[in-house]
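Reproduced below: data-v8.txt, with compact mmCIF, C-alpha atoms and all ligand atoms.
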# COMPACT_ATOMS: atom_id res chain seq x y z
CA MET G 717 4.94 -34.51 21.67
CA GLU G 718 4.30 -34.37 17.94
CA LYS G 719 3.07 -31.01 16.74
CA LYS G 720 -0.35 -31.12 15.09
CA GLU G 721 -0.71 -29.08 11.93
CA LEU G 722 -3.71 -26.71 11.88
CA LEU G 723 -3.15 -24.59 8.75
CA ARG G 724 -0.73 -25.15 5.89
CA ALA G 725 -0.16 -22.87 2.93
CA GLN G 726 1.76 -24.56 0.16
CA ASN G 727 3.35 -22.48 -2.57
CA ILE G 728 0.61 -19.88 -2.34
CA THR G 729 0.67 -16.72 -4.42
CA ARG G 730 -1.76 -13.80 -4.57
CA VAL G 731 -2.14 -11.68 -7.64
CA TYR G 732 -4.30 -8.54 -7.42
CA GLY G 733 -5.95 -7.02 -10.50
CA LYS G 734 -5.37 -10.13 -12.61
CA GLY G 735 -5.68 -9.37 -16.31
CA THR G 736 -5.72 -5.59 -15.75
CA PRO G 737 -2.87 -3.11 -16.39
CA ASN G 738 -2.46 -2.91 -12.60
CA GLU G 739 -1.85 -6.65 -12.16
CA MET G 740 0.64 -7.28 -9.37
CA GLU G 741 1.80 -10.33 -7.44
CA ALA G 742 1.55 -9.19 -3.81
CA LEU G 743 2.63 -12.59 -2.51
CA HIS G 744 5.25 -14.69 -4.30
CA PRO G 745 5.24 -18.50 -3.82
CA THR G 746 5.16 -18.94 -0.06
CA ASN G 747 5.04 -21.88 2.33
CA VAL G 748 3.77 -21.54 5.89
CA THR G 749 2.60 -24.14 8.37
CA ILE G 750 0.87 -23.13 11.58
CA TYR G 751 0.83 -25.83 14.24
CA GLU G 752 -1.66 -26.03 17.09
CA GLY G 753 -0.54 -24.00 20.10
CA GLU G 754 2.05 -21.88 18.26
CA PHE G 755 2.46 -18.11 18.78
CA VAL G 756 3.65 -16.59 15.52
CA ALA G 757 4.22 -12.92 14.66
CA ILE G 758 4.22 -11.67 11.08
CA MET G 759 6.32 -8.52 10.67
CA GLY G 760 7.49 -6.40 7.78
CA PRO G 761 7.15 -2.88 6.39
CA SER G 762 3.88 -1.45 5.10
CA GLY G 763 2.90 -2.96 1.75
CA ALA G 764 5.13 -6.04 2.25
CA GLY G 765 2.22 -8.47 1.97
CA LYS G 766 1.50 -9.24 5.64
CA SER G 767 -2.28 -8.73 5.50
CA THR G 768 -2.46 -10.57 2.19
CA LEU G 769 -0.76 -13.59 3.78
CA LEU G 770 -2.93 -13.36 6.89
CA THR G 771 -6.24 -13.19 5.03
CA ILE G 772 -5.30 -16.28 3.01
CA LEU G 773 -4.19 -18.14 6.14
CA SER G 774 -7.48 -17.23 7.79
CA THR G 775 -9.37 -18.51 4.70
CA LEU G 776 -11.08 -15.14 4.26
CA ASP G 777 -9.40 -14.82 0.85
CA PHE G 778 -8.15 -17.41 -1.63
CA ALA G 779 -4.65 -17.78 -3.03
CA THR G 780 -4.31 -17.24 -6.78
CA LYS G 781 -2.17 -20.38 -6.93
CA GLY G 782 -1.09 -23.03 -4.46
CA GLY G 783 -2.88 -25.02 -1.80
CA MET G 784 -4.34 -24.11 1.56
CA TYR G 785 -4.81 -27.08 3.89
CA LEU G 786 -7.07 -26.98 6.95
CA ASP G 787 -6.51 -29.81 9.41
CA GLY G 788 -4.62 -31.51 6.55
CA GLU G 789 -7.47 -31.17 4.01
CA ASN G 790 -7.26 -29.05 0.89
CA ALA G 791 -9.57 -26.05 1.27
CA ALA G 792 -9.89 -25.67 -2.51
CA GLY G 793 -12.42 -28.49 -2.70
CA MET G 794 -14.42 -27.36 0.30
CA GLU G 795 -17.87 -25.87 0.03
CA ASP G 796 -18.39 -22.41 1.53
CA LYS G 797 -20.61 -24.01 4.14
CA TYR G 798 -17.75 -26.20 5.36
CA LEU G 799 -15.24 -23.34 5.26
CA SER G 800 -17.52 -21.13 7.37
CA LYS G 801 -17.95 -23.98 9.83
CA PHE G 802 -14.18 -24.52 10.03
CA ARG G 803 -13.63 -20.81 10.61
CA ASN G 804 -16.38 -20.58 13.17
CA GLU G 805 -15.17 -23.59 15.16
CA ASN G 806 -11.41 -23.06 14.94
CA LEU G 807 -10.46 -19.48 14.19
CA GLY G 808 -10.92 -16.21 16.02
CA TYR G 809 -10.25 -13.39 13.58
CA ILE G 810 -9.45 -9.96 15.02
CA SER G 811 -9.09 -7.20 12.47
CA GLN G 812 -7.34 -3.86 12.81
CA ASP G 813 -10.50 -2.05 11.78
CA LEU G 814 -13.16 -1.36 14.32
CA THR G 815 -15.73 -3.54 12.61
CA LEU G 816 -18.52 -3.62 15.17
CA ILE G 817 -22.12 -3.09 14.04
CA ASP G 818 -23.22 0.37 15.23
CA THR G 819 -26.82 -0.58 15.94
CA LEU G 820 -26.00 -3.58 18.14
CA THR G 821 -24.84 -3.30 21.75
CA MET G 822 -21.29 -4.28 22.66
CA GLU G 823 -22.74 -7.49 24.16
CA GLU G 824 -24.59 -8.39 20.95
CA ASN G 825 -21.54 -7.59 18.82
CA ILE G 826 -19.24 -9.78 20.88
CA GLY G 827 -21.74 -12.65 20.80
CA ILE G 828 -22.10 -12.73 16.99
CA PRO G 829 -19.89 -15.84 16.38
CA LEU G 830 -21.98 -17.75 18.93
CA TYR G 831 -25.35 -16.64 17.47
CA VAL G 832 -24.08 -17.82 14.09
CA SER G 833 -23.23 -21.25 15.45
CA GLY G 834 -26.65 -21.52 17.11
CA LYS G 835 -25.62 -21.50 20.79
CA SER G 836 -28.28 -20.92 23.47
CA GLN G 837 -28.99 -17.43 24.82
CA SER G 838 -27.81 -18.37 28.31
CA TYR G 839 -24.55 -19.84 27.00
CA ILE G 840 -23.93 -16.74 24.88
CA LYS G 841 -24.56 -14.41 27.82
CA GLN G 842 -22.19 -16.36 30.05
CA LYS G 843 -19.37 -16.55 27.42
CA VAL G 844 -19.70 -12.87 26.47
CA GLU G 845 -19.44 -11.84 30.14
CA GLU G 846 -16.40 -14.10 30.58
CA VAL G 847 -14.40 -12.60 27.69
CA ALA G 848 -15.58 -9.07 28.50
CA LYS G 849 -14.16 -9.48 32.03
CA LEU G 850 -10.88 -10.70 30.56
CA CYS G 851 -10.65 -7.49 28.51
CA HIS G 852 -12.05 -5.24 31.29
CA ILE G 853 -15.12 -4.04 29.38
CA GLU G 854 -17.77 -5.96 31.36
CA LYS G 855 -19.39 -2.68 32.49
CA LEU G 856 -19.90 -1.52 28.90
CA LEU G 857 -21.86 -4.46 27.54
CA LYS G 858 -25.21 -2.64 27.29
CA LYS G 859 -23.71 0.34 25.46
CA LEU G 860 -23.59 0.90 21.71
CA PRO G 861 -20.11 1.07 20.12
CA GLY G 862 -20.70 4.78 19.39
CA GLU G 863 -20.93 5.42 23.14
CA CYS G 864 -17.50 3.86 23.80
CA SER G 865 -13.92 4.99 23.14
CA GLY G 866 -11.81 3.64 20.25
CA GLY G 867 -9.75 1.57 22.68
CA GLN G 868 -12.88 0.07 24.28
CA VAL G 869 -14.31 -0.81 20.85
CA GLN G 870 -11.02 -2.44 19.94
CA ARG G 871 -11.18 -4.53 23.12
CA ALA G 872 -14.67 -5.60 22.06
CA THR G 873 -13.32 -6.74 18.66
CA VAL G 874 -10.71 -8.74 20.60
CA CYS G 875 -13.52 -10.24 22.72
CA ARG G 876 -15.49 -11.17 19.60
CA GLY G 877 -12.40 -13.03 18.34
CA LEU G 878 -12.08 -14.98 21.59
CA VAL G 879 -15.70 -15.75 22.38
CA ASN G 880 -15.87 -19.04 20.44
CA ASP G 881 -12.79 -20.46 22.25
CA PRO G 882 -10.84 -20.66 18.98
CA LYS G 883 -7.97 -23.08 18.46
CA LEU G 884 -6.19 -20.23 16.70
CA ILE G 885 -6.45 -16.47 17.21
CA ILE G 886 -5.64 -14.60 14.00
CA ALA G 887 -5.07 -10.92 14.63
CA ASP G 888 -4.17 -8.15 12.18
CA GLU G 889 -2.62 -5.22 14.10
CA PRO G 890 -5.01 -5.87 17.01
CA THR G 891 -3.58 -3.11 19.18
CA GLY G 892 -3.37 -0.29 16.64
CA ASN G 893 -5.92 1.79 18.57
CA LEU G 894 -4.48 1.11 22.01
CA ASP G 895 -1.79 2.88 24.00
CA SER G 896 1.21 0.77 25.01
CA LYS G 897 -0.15 -0.17 28.46
CA ASN G 898 -3.43 -1.42 26.99
CA ALA G 899 -1.62 -3.12 24.08
CA HIS G 900 0.53 -4.96 26.62
CA GLU G 901 -2.62 -6.08 28.45
CA VAL G 902 -4.16 -7.51 25.26
CA LEU G 903 -0.91 -9.32 24.45
CA MET G 904 -0.81 -10.75 27.98
CA ILE G 905 -4.31 -12.12 27.40
CA PHE G 906 -3.08 -13.77 24.17
CA LYS G 907 -0.01 -15.10 26.03
CA GLU G 908 -2.15 -16.60 28.82
CA LEU G 909 -4.49 -18.26 26.31
CA ASN G 910 -1.43 -19.49 24.40
CA LYS G 911 -0.06 -21.10 27.57
CA LYS G 912 -3.33 -23.03 27.79
CA GLY G 913 -2.91 -24.25 24.20
CA THR G 914 -4.57 -21.62 21.98
CA GLY G 915 -2.51 -20.76 18.89
CA VAL G 916 -1.90 -17.12 17.98
CA VAL G 917 -0.87 -15.51 14.70
CA VAL G 918 -0.48 -11.76 14.95
CA VAL G 919 0.46 -9.25 12.26
CA THR G 920 2.31 -6.27 13.65
CA HIS G 921 4.92 -3.69 12.76
CA ASP G 922 5.78 -3.32 16.44
CA CYS G 923 8.77 -5.33 17.74
CA GLN G 924 7.48 -5.08 21.29
CA ILE G 925 4.23 -6.81 20.29
CA ALA G 926 6.12 -9.42 18.23
CA SER G 927 8.40 -10.15 21.19
CA TYR G 928 5.49 -11.98 22.90
CA SER G 929 5.57 -14.62 20.13
CA ASN G 930 7.77 -17.69 19.83
CA LYS G 931 8.50 -17.25 16.14
CA THR G 932 8.52 -14.27 13.78
CA LEU G 933 8.06 -14.45 10.03
CA TYR G 934 9.61 -11.39 8.46
CA VAL G 935 7.86 -10.49 5.18
CA LEU G 936 9.49 -8.25 2.60
CA ASP G 937 8.33 -7.53 -0.97
CA GLY G 938 5.89 -10.44 -0.99
CA ASN G 939 8.34 -13.04 0.36
CA ILE G 940 9.05 -14.47 3.79
CA LYS G 941 12.58 -13.14 3.94
CA GLU G 942 13.53 -14.49 7.34
CA ILE G 943 12.19 -16.64 10.18
CA VAL G 944 13.38 -15.83 13.70
CA GLU G 945 12.71 -18.37 16.46
CA LYS G 946 12.70 -17.16 20.06
CA GLY G 947 14.21 -20.45 21.27
CA ASP G 948 16.06 -19.94 24.55
CA MET G 949 16.26 -16.15 24.22
CA SER G 950 14.64 -13.99 26.91
CA GLN G 951 11.79 -11.75 25.70
CA GLU G 952 14.19 -8.80 25.84
CA GLU G 953 16.90 -10.54 23.79
CA TYR G 954 14.30 -11.65 21.27
CA TYR G 955 12.95 -8.07 21.11
CA GLN G 956 16.48 -6.75 20.45
CA LYS G 957 16.93 -9.31 17.67
CA LEU G 958 13.66 -8.16 16.07
CA VAL G 959 14.68 -4.51 16.38
CA GLU G 960 17.94 -5.35 14.56
CA LEU G 961 16.06 -7.22 11.86
CA THR G 962 13.51 -4.46 11.22
CA SER G 963 16.07 -1.66 11.47
CA GLU G 964 17.42 -2.84 8.09
CA ASP G 965 14.24 -1.39 6.52
CA ILE G 966 14.85 1.93 8.26
CA ASP G 967 18.49 1.94 7.06
CA GLU G 968 17.23 1.37 3.53
CA ILE G 969 14.87 4.35 3.82
CA PHE G 970 17.68 6.63 5.04
CA ASN G 971 20.12 5.35 2.42
CA GLU G 972 17.66 6.35 -0.30
CA GLU G 973 17.99 10.02 0.64
P1 LIG G 1001 0.88 -5.07 4.38
O1 LIG G 1001 -0.16 -5.77 5.16
O2 LIG G 1001 2.25 -5.66 4.61
O3 LIG G 1001 0.90 -3.59 4.58
P2 LIG G 1001 -0.71 -5.80 2.08
O4 LIG G 1001 -0.80 -7.28 2.11
O5 LIG G 1001 -1.89 -5.02 2.56
O6 LIG G 1001 0.62 -5.32 2.83
O7 LIG G 1001 -0.40 -5.33 0.58
C1 LIG G 1001 0.63 -5.90 -0.21
C2 LIG G 1001 0.58 -5.23 -1.56
O8 LIG G 1001 -0.62 -5.57 -2.24
C3 LIG G 1001 0.60 -3.70 -1.51
O9 LIG G 1001 1.37 -3.23 -2.59
C4 LIG G 1001 -0.86 -3.32 -1.65
O10 LIG G 1001 -0.99 -2.06 -2.26
C5 LIG G 1001 -1.38 -4.42 -2.58
N1 LIG G 1001 -2.81 -4.71 -2.32
C6 LIG G 1001 -3.32 -5.14 -1.15
N2 LIG G 1001 -4.66 -5.36 -1.25
C7 LIG G 1001 -4.98 -5.06 -2.54
C8 LIG G 1001 -6.20 -5.09 -3.29
N3 LIG G 1001 -7.34 -5.48 -2.74
N4 LIG G 1001 -6.14 -4.73 -4.59
C9 LIG G 1001 -4.97 -4.35 -5.17
N5 LIG G 1001 -3.79 -4.30 -4.52
C10 LIG G 1001 -3.78 -4.65 -3.22
Written as structure tokens, how would this file's structure read?
Amino acid sequence: MEKKELLRAQNITRVYGKGTPNEMEALHPTNVTIYEGEFVAIMGPSGAGKSTLLTILSTLDFATKGGMYLDGENAAGMEDKYLSKFRNENLGYISQDLTLIDTLTMEENIGIPLYVSGKSQSYIKQKVEEVAKLCHIEKLLKKLPGECSGGQVQRATVCRGLVNDPKLIIADEPTGNLDSKNAHEVLMIFKELNKKGTGVVVVTHDCQIASYSNKTLYVLDGNIKEIVEKGDMSQEEYYQKLVELTSEDIDEIFNEE
């Protein structure tokens, strides 16, 4: 079956502080295509440019140069209204920060993407309960985020990213506040959704998390330095390959001593 392109970044760069003494190109010309149903991990050391790449792919930020294509159309010419609609209908963004609104209940927070797209109260209630069950926080829906643990709030941010049945989940270190058992559970949820056709792009520094993907983009100094495909490897073999790849950074740190 032919793969259908969902997002394509063509020769994108990102310069921060343009025109200031601190100007720096955090992302050098980069090409990435995300096809529907893919599971891609983005790895690399801190400061490599992973979040910069992810925020451009998720259309939350614009490239300084180059083109970003959504469903084959250039996003540059799109009005904000259209971009928001595209995001709302296709993407589920899960950030590493616990970005829930303190004064809204967990239920209201999770339902935000559906309120924005004008869904009915009964539909919202049903969808919120469905994703909350998936993440085992269905008993906490009436609580405020301040009454829940960091891990529970992070599960709610995961739920908010899933509630609109996105074609693509985009997650930036989604398990940073979870212990390894809970992180595994969240990744299994992504894996199950991926089996049913949902695409996943996840930024992580953790090889174990990346080993759930089918392809890893390894970012270093603002470039995609290497692409590793899982192919026929078992998850363990793939994990070992990623450990080898990322251990080069650690070697470099020790060699600097
Ligand atoms: P990573 O996600 O791999 O840790 P980032 O994409 O956050 O890396 O950052 C890449 C580089 O860009 C870093 O050197 C970082 O300091 C710089 N950077 C990121 N965001 C900004 C910003 N808003 N303004 C200026 N510099 C930034």
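Using all atoms listed in the file, the shortest contact distance between Glu908 (chain G) and any of G:Met740, G:Leu850, G:Asn806, G:Gln812 is found at G:Leu850.
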With distances taken over all atoms listed in the file, which residue among G:Leu856, G:Val944, G:Ala757, G:Ala764 lies nearest ligand LIG 1001 (chain G)?
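The closest residue to ligand LIG 1001 (chain G) is G:Ala764.
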Name the closest residue to Gly765 (chain G) among the candidates G:Ala792, G:Ala779, G:Ala899, G:Ala742; distances are taken between atoms, counting all atoms listed in the file.
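Residue with the minimum atom-to-atom distance to Gly765 (chain G): G:Ala742.
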Nearest residue to ligand LIG 1001 (chain G) from the set G:Glu741, G:Asp922, G:Glu824, G:Glu718 (distances using all atoms listed in the file)
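Looking at the shortest contact to ligand LIG 1001 (chain G), the residue is G:Glu741.
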Show me, as lines of an AutoDock Vina configuration file, the centre and edge lengths in Å to one decimal of the axis-aligned box that covers every listed atom of ligand LIG 1001 (chain G) with 5 Å on each side.
center_x = -2.5
center_y = -4.7
center_z = 0.0
size_x = 19.6
size_y = 15.2
size_z = 20.3
Hey, could you make a per-residue contact list for chain G against ligand LIG 1001 (chain G) with 9 Å as the cut-off, showing the nearest pair of atoms and its distance in Å to one decimal, counting only C-alpha atoms and all ligand atoms, sorted by chain and number, as a tab-separated table?
residue	atom	partner	partner_atom	distance
G:Arg730	CA	G:LIG1001	O8	8.6
G:Val731	CA	G:LIG1001	N5	8.2
G:Tyr732	CA	G:LIG1001	C9	4.8
G:Gly733	CA	G:LIG1001	C9	6.0
G:Asn738	CA	G:LIG1001	C9	8.0
G:Glu739	CA	G:LIG1001	C9	8.0
G:Met740	CA	G:LIG1001	N5	7.2
G:Glu741	CA	G:LIG1001	O8	7.5
G:Ala742	CA	G:LIG1001	O8	4.5
G:Leu743	CA	G:LIG1001	C1	7.4
G:Met759	CA	G:LIG1001	O2	7.8
G:Gly760	CA	G:LIG1001	O2	6.2
G:Pro761	CA	G:LIG1001	O2	5.9
G:Ser762	CA	G:LIG1001	O3	3.7
G:Gly763	CA	G:LIG1001	O6	3.5
G:Ala764	CA	G:LIG1001	O2	3.7
G:Gly765	CA	G:LIG1001	O4	3.2
G:Lys766	CA	G:LIG1001	O2	3.8
G:Ser767	CA	G:LIG1001	O1	3.7
G:Thr768	CA	G:LIG1001	O4	3.7
G:Leu769	CA	G:LIG1001	O4	6.5
G:Leu770	CA	G:LIG1001	O4	8.0
G:Thr771	CA	G:LIG1001	O4	8.5
G:Asp888	CA	G:LIG1001	O1	8.4
G:Val919	CA	G:LIG1001	O1	7.9
G:Thr920	CA	G:LIG1001	O1	8.9
G:His921	CA	G:LIG1001	O2	8.8
G:Val935	CA	G:LIG1001	O2	7.4
G:Leu936	CA	G:LIG1001	O2	7.9
G:Asp937	CA	G:LIG1001	C1	7.9
G:Gly938	CA	G:LIG1001	C1	7.0
Counting only C-alpha atoms, which residues have an atom no more than 6 Å from (-3.6, -30.3, 9.6) in the file's coordinates? Please list them as a VMD selection string.
chain G and resid 721 to 723 786 to 788
Requested write-out: C-alpha atoms of the selected residues, as a PDB file, in the coordinates of the input:
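File selection.pdb, as written:
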ATOM      1  CA  GLU G 721      -0.710 -29.080  11.930  1.00  0.00           C
ATOM      2  CA  LEU G 722      -3.710 -26.710  11.880  1.00  0.00           C
ATOM      3  CA  LEU G 723      -3.150 -24.590   8.750  1.00  0.00           C
ATOM      4  CA  LEU G 786      -7.070 -26.980   6.950  1.00  0.00           C
ATOM      5  CA  ASP G 787      -6.510 -29.810   9.410  1.00  0.00           C
ATOM      6  CA  GLY G 788      -4.620 -31.510   6.550  1.00  0.00           C
TER       7      GLY G 788
END
Distance criterion (only C-alpha atoms): nearest to Phe755 (chain G) out of G:Glu945, G:Glu789, G:Glu889, G:Asp777
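That would be G:Glu945, the residue with the smallest distance to Phe755 (chain G).
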Tell me which of G:Asp948, G:Glu752, G:Glu953, G:Glu846 sits closest to Ser927 (chain G), counting only C-alpha atoms.
G:Glu953
Within 6 Å of Leu884 (chain G), counting all atoms listed in the file, which residues show up once you throw out same-chain ones fewer than 3 positions away? Write them as a list in words, please.
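Final neighbour list, sorted by chain and number: Leu807, Thr914, Gly915 and Val916 of chain G.
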